[in-house]
$ cat coords.cif   # mmCIF, C-alpha atoms
data_target
#
loop_
_atom_site.label_atom_id
_atom_site.label_comp_id
_atom_site.auth_asym_id
_atom_site.auth_seq_id
_atom_site.Cartn_x
_atom_site.Cartn_y
_atom_site.Cartn_z
CA MET A 16 0.00 0.00 0.00
CA GLY A 17 2.87 2.40 0.79
CA ASP A 18 3.83 3.06 -2.85
CA GLN A 19 0.26 4.10 -3.72
CA LEU A 20 -0.03 6.72 -1.01
CA THR A 21 -0.37 10.45 -1.47
CA THR A 22 1.92 11.75 1.28
CA LEU A 23 2.76 14.87 3.22
CA GLU A 24 5.69 15.25 5.64
CA LEU A 25 5.78 18.02 8.24
CA PRO A 26 7.50 18.74 11.57
CA ALA A 27 6.18 16.81 14.57
CA GLU A 28 4.62 19.82 16.26
CA ILE A 29 1.14 20.99 17.18
CA GLY A 30 1.35 23.70 14.52
CA SER A 31 1.24 20.97 11.83
CA LEU A 32 -2.13 19.54 12.93
CA ARG A 33 -4.37 21.79 10.82
CA THR A 34 -2.32 21.22 7.66
CA PHE A 35 -2.33 17.44 8.16
CA THR A 36 -6.07 17.44 8.91
CA ASP A 37 -6.86 19.47 5.79
CA PHE A 38 -4.60 17.18 3.72
CA VAL A 39 -6.31 13.97 4.88
CA ARG A 40 -9.73 15.58 4.56
CA ARG A 41 -9.04 16.16 0.85
CA GLY A 42 -8.38 12.44 0.53
CA ALA A 43 -11.60 11.66 2.40
CA GLU A 44 -13.55 13.96 0.12
CA ALA A 45 -11.98 12.25 -2.92
CA ALA A 46 -13.16 8.95 -1.41
CA SER A 47 -16.67 10.43 -1.04
CA LEU A 48 -16.81 9.84 2.71
CA GLY A 49 -20.00 11.15 4.30
CA GLU A 50 -20.22 14.01 6.79
CA LYS A 51 -20.27 11.61 9.74
CA GLU A 52 -17.07 9.90 8.58
CA LEU A 53 -15.41 13.27 7.89
CA GLY A 54 -16.06 14.27 11.50
CA GLU A 55 -14.74 10.94 12.75
CA LEU A 56 -11.66 11.33 10.56
CA GLU A 57 -10.84 14.66 12.20
CA VAL A 58 -11.02 13.08 15.66
CA VAL A 59 -8.92 10.09 14.60
CA ILE A 60 -6.17 12.00 12.79
CA GLU A 61 -5.85 14.57 15.57
CA GLU A 62 -5.62 11.90 18.27
CA VAL A 63 -3.03 9.88 16.34
CA LEU A 64 -0.90 12.93 15.56
CA VAL A 65 -1.03 14.33 19.11
CA ASN A 66 0.11 10.93 20.39
CA VAL A 67 3.07 10.97 17.99
CA ILE A 68 4.02 14.52 18.98
CA ASN A 69 3.74 13.80 22.72
CA TYR A 70 5.22 10.29 22.89
CA ALA A 71 7.47 9.68 19.90
CA TYR A 72 9.20 13.02 20.42
CA PRO A 73 8.62 13.65 24.16
CA ASP A 74 11.37 16.23 24.55
CA GLY A 75 10.04 18.33 21.70
CA GLY A 76 13.19 17.52 19.76
CA PRO A 77 13.32 17.71 16.01
CA GLY A 78 11.20 15.12 14.36
CA MET A 79 9.05 14.65 11.34
CA ILE A 80 5.72 12.95 10.72
CA GLU A 81 4.65 11.57 7.38
CA VAL A 82 0.95 11.14 6.70
CA GLY A 83 -0.26 9.33 3.64
CA TYR A 84 -3.62 8.28 2.31
CA ALA A 85 -5.07 6.15 -0.45
CA VAL A 86 -8.63 6.05 -1.72
CA GLU A 87 -9.56 2.36 -1.65
CA GLY A 88 -12.88 2.82 -3.36
CA ASP A 89 -16.06 4.82 -3.07
CA GLY A 90 -16.56 5.61 0.61
CA ARG A 91 -13.29 3.96 1.73
CA LEU A 92 -10.05 5.62 2.83
CA PHE A 93 -6.73 4.15 4.04
CA VAL A 94 -4.45 6.40 6.15
CA GLN A 95 -0.88 5.80 7.30
CA VAL A 96 0.99 7.87 9.89
CA SER A 97 4.70 7.21 10.34
CA ASP A 98 7.55 8.75 12.30
CA THR A 99 11.10 7.93 13.37
CA GLY A 100 10.62 8.82 17.02
CA ARG A 101 10.98 6.44 19.93
CA ALA A 102 8.90 3.28 19.76
CA PHE A 103 5.37 3.83 21.01
CA ASP A 104 2.36 1.57 20.40
CA PRO A 105 -0.76 3.53 21.38
CA LEU A 106 -2.91 0.45 20.81
CA ALA A 107 -1.19 -1.47 23.60
CA LYS A 108 -2.86 0.64 26.30
CA ASP A 109 -5.81 -0.96 28.06
CA PRO A 110 -9.16 0.59 27.18
CA PRO A 111 -10.54 3.06 29.72
CA ASP A 112 -13.06 1.82 32.27
CA LEU A 113 -16.07 3.83 31.21
CA ARG A 114 -17.99 2.71 34.30
CA LEU A 115 -15.79 4.96 36.45
CA SER A 116 -16.69 8.60 36.96
CA LEU A 117 -14.53 11.16 35.17
CA THR A 118 -12.80 12.09 38.42
CA ASP A 119 -11.95 8.43 39.15
CA ARG A 120 -10.59 7.62 35.67
CA PRO A 121 -6.86 7.88 35.03
CA ILE A 122 -5.86 10.50 32.47
CA GLY A 123 -5.37 9.22 28.94
CA GLY A 124 -6.66 6.39 26.82
CA LEU A 125 -10.01 7.84 25.79
CA GLY A 126 -8.70 9.24 22.51
CA ILE A 127 -7.29 5.92 21.32
CA PHE A 128 -10.52 4.27 22.48
CA LEU A 129 -12.39 6.62 20.10
CA VAL A 130 -9.92 5.87 17.30
CA LYS A 131 -10.70 2.17 17.71
CA GLN A 132 -14.44 2.91 17.67
CA PHE A 133 -14.39 5.09 14.54
CA ALA A 134 -11.87 3.22 12.38
CA ARG A 135 -12.78 0.02 10.54
CA THR A 136 -9.23 -1.20 11.13
CA VAL A 137 -6.31 0.21 13.09
CA GLU A 138 -2.85 -1.35 13.32
CA TYR A 139 0.56 -0.44 14.68
CA ARG A 140 3.92 -1.77 13.51
CA ARG A 141 7.53 -0.87 14.27
CA ILE A 142 9.62 -1.40 11.14
CA GLU A 143 13.24 -0.29 10.67
CA ASP A 144 13.13 2.29 13.48
CA LYS A 145 9.80 3.68 12.29
CA ASN A 146 6.46 3.77 14.08
CA ILE A 147 3.75 3.05 11.52
CA LEU A 148 0.09 3.38 12.46
CA THR A 149 -2.53 2.66 9.82
CA PHE A 150 -6.28 2.91 9.85
CA ARG A 151 -9.21 2.64 7.50
CA LEU A 152 -12.40 4.67 7.54
CA GLY A 153 -15.60 4.39 5.61
CA ASN A 154 -18.08 1.79 4.54
CA GLY A 155 -16.32 -1.37 3.59
CA ALA A 156 -16.99 -5.05 3.56
CA LEU A 157 -14.50 -5.55 6.37
CA GLU A 158 -15.79 -6.02 9.87
CA HIS A 159 -14.70 -3.65 12.62
CA GLU A 160 -11.20 -5.05 13.29
CA GLN A 161 -8.38 -3.77 15.41
CA GLY A 162 -4.96 -5.27 15.85
CA SER A 163 -1.57 -4.47 17.17
CA GLU A 164 1.34 -5.99 15.32
CA LEU A 165 4.97 -5.57 16.18
#
$ encode --input "coords.cif" --output "structure tokens"
Amino acid sequence: MGDQLTTLELPAEIGSLRTFTDFVRRGAEAASLGEKELGELEVVIEEVLVNVINYAYPDGGPGMIEVGYAVEGDGRLFVQVSDTGRAFDPLAKDPPDLRLSLTDRPIGGLGIFLVKQFARTVEYRRIEDKNILTFRLGNGALEHEQGSEL
């Protein structure tokens, strides 16, 4: 899939979020995703990118993020986010206990929980010193699958 991606590489900083979001949104519009999926895409891409910025490059050191997308058909979009920061698998975290009150819940985990709810698939791999997180959005024949591969 990687050679078929339309990609954009920017610094791993909060200031890049809007540009990345607009970039992936263009791909989603080309895939004819509906308004609901466009909203979900914005949540997913922001959560994934903020995790990379905060955990792959925790000291705010120089780093880059590459985001790519491919239209897999009408209403289906594949997105890949990669970086060369320290290894970090956001999918390895246990899901939040939603039965607890907000004050009793530990901080973190809710964003990735939402990513897993909105994406048809979401996977993490560490290949040749790169974190690679991929997800698919839209109406596809695939069931709602999540995995974490190393």
$ closest_residue --input "coords.cif" --among "A:Gly49, A:Gly153, A:Gly83, A:Pro26" --to "Gly100 in chain A" --atoms "all atoms listed in the file"
A:Pro26
$ residues_near_point --input "coords.cif" --point "(6.2, 16.4, 14.9)" --cutoff "8 Å" --atoms "only C-alpha atoms" --output "PDB file with C-alpha atoms, keeping the file's coordinate frame"
ATOM      1  CA  LEU A  25       5.780  18.020   8.240  1.00  0.00           C
ATOM      2  CA  PRO A  26       7.500  18.740  11.570  1.00  0.00           C
ATOM      3  CA  ALA A  27       6.180  16.810  14.570  1.00  0.00           C
ATOM      4  CA  GLU A  28       4.620  19.820  16.260  1.00  0.00           C
ATOM      5  CA  ILE A  29       1.140  20.990  17.180  1.00  0.00           C
ATOM      6  CA  SER A  31       1.240  20.970  11.830  1.00  0.00           C
ATOM      7  CA  LEU A  64      -0.900  12.930  15.560  1.00  0.00           C
ATOM      8  CA  VAL A  67       3.070  10.970  17.990  1.00  0.00           C
ATOM      9  CA  ILE A  68       4.020  14.520  18.980  1.00  0.00           C
ATOM     10  CA  TYR A  72       9.200  13.020  20.420  1.00  0.00           C
ATOM     11  CA  PRO A  77      13.320  17.710  16.010  1.00  0.00           C
ATOM     12  CA  GLY A  78      11.200  15.120  14.360  1.00  0.00           C
ATOM     13  CA  MET A  79       9.050  14.650  11.340  1.00  0.00           C
ATOM     14  CA  ILE A  80       5.720  12.950  10.720  1.00  0.00           C
TER      15      ILE A  80
END
$ resolve_selection --input "coords.cif" --expression "the PyMOL selection byres ((chain A and resi 151) around 6)" --output "PyMOL selection string"
chain A and resi 92-93+134-136+150+152
$ residues_around --input "coords.cif" --residues "Ser47 in chain A" --least-positions-apart "3" --cutoff "8 Å" --atoms "all atoms listed in the file" --output "list of chain:residue names"
A:Ala43, A:Glu44, A:Asp89, A:Gly90, A:Arg91
$ resolve_selection --input "coords.cif" --expression "the PyMOL selection byres ((chain A and resi 35) around 9)" --output "list of chain:residue names"
A:Leu23, A:Glu24, A:Leu25, A:Ser31, A:Leu32, A:Arg33, A:Thr34, A:Thr36, A:Asp37, A:Phe38, A:Val39, A:Arg40, A:Ile60, A:Glu61, A:Leu64, A:Val82
$ closest_residue --input "coords.cif" --among "A:Ala85, A:Val94, A:Lys51, A:Val65" --to "Glu138 in chain A" --atoms "all atoms listed in the file"
A:Val94
$ atom_distance --input "coords.cif" --atom1 "CA of Ala107 in chain A" --atom2 "CA of Arg141 in chain A"
12.8 Å
$ atom_distance --input "coords.cif" --atom1 "CA of Glu57 in chain A" --atom2 "CA of Glu143 in chain A"
28.4 Å
$ closest_residue --input "coords.cif" --among "A:Gly42, A:Glu87, A:Leu129, A:Arg101" --to "Asp74 in chain A" --atoms "all atoms listed in the file"
A:Arg101
$ atom_distance --input "coords.cif" --atom1 "CA of Glu55 in chain A" --atom2 "CA of Arg41 in chain A"
14.2 Å
$ closest_residue --input "coords.cif" --among "A:Ala71, A:Val137, A:Ile142, A:Ile147" --to "Val59 in chain A" --atoms "only C-alpha atoms"
A:Val137
$ residues_around --input "coords.cif" --residues "Ile127 in chain A" --least-positions-apart "4" --cutoff "7 Å" --atoms "only C-alpha atoms" --output "list in words"
Glu62, Pro105 and Lys131 of chain A
$ decode --input "coords.cif" --residues "range 25-155 of chain A" --atoms "C-alpha atoms" --output "short mmCIF file (atom, residue, chain, number, x, y, z; two decimals), in the first residue's frame"
data_model
loop_
_atom_site.label_atom_id
_atom_site.label_comp_id
_atom_site.auth_asym_id
_atom_site.auth_seq_id
_atom_site.Cartn_x
_atom_site.Cartn_y
_atom_site.Cartn_z
CA LEU A 25 5.78 18.02 8.24
CA PRO A 26 7.50 18.74 11.57
CA ALA A 27 6.18 16.81 14.57
CA GLU A 28 4.62 19.82 16.26
CA ILE A 29 1.14 20.99 17.18
CA GLY A 30 1.35 23.70 14.52
CA SER A 31 1.24 20.97 11.83
CA LEU A 32 -2.13 19.54 12.93
CA ARG A 33 -4.37 21.79 10.82
CA THR A 34 -2.32 21.22 7.66
CA PHE A 35 -2.33 17.44 8.16
CA THR A 36 -6.07 17.44 8.91
CA ASP A 37 -6.86 19.47 5.79
CA PHE A 38 -4.60 17.18 3.72
CA VAL A 39 -6.31 13.97 4.88
CA ARG A 40 -9.73 15.58 4.56
CA ARG A 41 -9.04 16.16 0.85
CA GLY A 42 -8.38 12.44 0.53
CA ALA A 43 -11.60 11.66 2.40
CA GLU A 44 -13.55 13.96 0.12
CA ALA A 45 -11.98 12.25 -2.92
CA ALA A 46 -13.16 8.95 -1.41
CA SER A 47 -16.67 10.43 -1.04
CA LEU A 48 -16.81 9.84 2.71
CA GLY A 49 -20.00 11.15 4.30
CA GLU A 50 -20.22 14.01 6.79
CA LYS A 51 -20.27 11.61 9.74
CA GLU A 52 -17.07 9.90 8.58
CA LEU A 53 -15.41 13.27 7.89
CA GLY A 54 -16.06 14.27 11.50
CA GLU A 55 -14.74 10.94 12.75
CA LEU A 56 -11.66 11.33 10.56
CA GLU A 57 -10.84 14.66 12.20
CA VAL A 58 -11.02 13.08 15.66
CA VAL A 59 -8.92 10.09 14.60
CA ILE A 60 -6.17 12.00 12.79
CA GLU A 61 -5.85 14.57 15.57
CA GLU A 62 -5.62 11.90 18.27
CA VAL A 63 -3.03 9.88 16.34
CA LEU A 64 -0.90 12.93 15.56
CA VAL A 65 -1.03 14.33 19.11
CA ASN A 66 0.11 10.93 20.39
CA VAL A 67 3.07 10.97 17.99
CA ILE A 68 4.02 14.52 18.98
CA ASN A 69 3.74 13.80 22.72
CA TYR A 70 5.22 10.29 22.89
CA ALA A 71 7.47 9.68 19.90
CA TYR A 72 9.20 13.02 20.42
CA PRO A 73 8.62 13.65 24.16
CA ASP A 74 11.37 16.23 24.55
CA GLY A 75 10.04 18.33 21.70
CA GLY A 76 13.19 17.52 19.76
CA PRO A 77 13.32 17.71 16.01
CA GLY A 78 11.20 15.12 14.36
CA MET A 79 9.05 14.65 11.34
CA ILE A 80 5.72 12.95 10.72
CA GLU A 81 4.65 11.57 7.38
CA VAL A 82 0.95 11.14 6.70
CA GLY A 83 -0.26 9.33 3.64
CA TYR A 84 -3.62 8.28 2.31
CA ALA A 85 -5.07 6.15 -0.45
CA VAL A 86 -8.63 6.05 -1.72
CA GLU A 87 -9.56 2.36 -1.65
CA GLY A 88 -12.88 2.82 -3.36
CA ASP A 89 -16.06 4.82 -3.07
CA GLY A 90 -16.56 5.61 0.61
CA ARG A 91 -13.29 3.96 1.73
CA LEU A 92 -10.05 5.62 2.83
CA PHE A 93 -6.73 4.15 4.04
CA VAL A 94 -4.45 6.40 6.15
CA GLN A 95 -0.88 5.80 7.30
CA VAL A 96 0.99 7.87 9.89
CA SER A 97 4.70 7.21 10.34
CA ASP A 98 7.55 8.75 12.30
CA THR A 99 11.10 7.93 13.37
CA GLY A 100 10.62 8.82 17.02
CA ARG A 101 10.98 6.44 19.93
CA ALA A 102 8.90 3.28 19.76
CA PHE A 103 5.37 3.83 21.01
CA ASP A 104 2.36 1.57 20.40
CA PRO A 105 -0.76 3.53 21.38
CA LEU A 106 -2.91 0.45 20.81
CA ALA A 107 -1.19 -1.47 23.60
CA LYS A 108 -2.86 0.64 26.30
CA ASP A 109 -5.81 -0.96 28.06
CA PRO A 110 -9.16 0.59 27.18
CA PRO A 111 -10.54 3.06 29.72
CA ASP A 112 -13.06 1.82 32.27
CA LEU A 113 -16.07 3.83 31.21
CA ARG A 114 -17.99 2.71 34.30
CA LEU A 115 -15.79 4.96 36.45
CA SER A 116 -16.69 8.60 36.96
CA LEU A 117 -14.53 11.16 35.17
CA THR A 118 -12.80 12.09 38.42
CA ASP A 119 -11.95 8.43 39.15
CA ARG A 120 -10.59 7.62 35.67
CA PRO A 121 -6.86 7.88 35.03
CA ILE A 122 -5.86 10.50 32.47
CA GLY A 123 -5.37 9.22 28.94
CA GLY A 124 -6.66 6.39 26.82
CA LEU A 125 -10.01 7.84 25.79
CA GLY A 126 -8.70 9.24 22.51
CA ILE A 127 -7.29 5.92 21.32
CA PHE A 128 -10.52 4.27 22.48
CA LEU A 129 -12.39 6.62 20.10
CA VAL A 130 -9.92 5.87 17.30
CA LYS A 131 -10.70 2.17 17.71
CA GLN A 132 -14.44 2.91 17.67
CA PHE A 133 -14.39 5.09 14.54
CA ALA A 134 -11.87 3.22 12.38
CA ARG A 135 -12.78 0.02 10.54
CA THR A 136 -9.23 -1.20 11.13
CA VAL A 137 -6.31 0.21 13.09
CA GLU A 138 -2.85 -1.35 13.32
CA TYR A 139 0.56 -0.44 14.68
CA ARG A 140 3.92 -1.77 13.51
CA ARG A 141 7.53 -0.87 14.27
CA ILE A 142 9.62 -1.40 11.14
CA GLU A 143 13.24 -0.29 10.67
CA ASP A 144 13.13 2.29 13.48
CA LYS A 145 9.80 3.68 12.29
CA ASN A 146 6.46 3.77 14.08
CA ILE A 147 3.75 3.05 11.52
CA LEU A 148 0.09 3.38 12.46
CA THR A 149 -2.53 2.66 9.82
CA PHE A 150 -6.28 2.91 9.85
CA ARG A 151 -9.21 2.64 7.50
CA LEU A 152 -12.40 4.67 7.54
CA GLY A 153 -15.60 4.39 5.61
CA ASN A 154 -18.08 1.79 4.54
CA GLY A 155 -16.32 -1.37 3.59
#
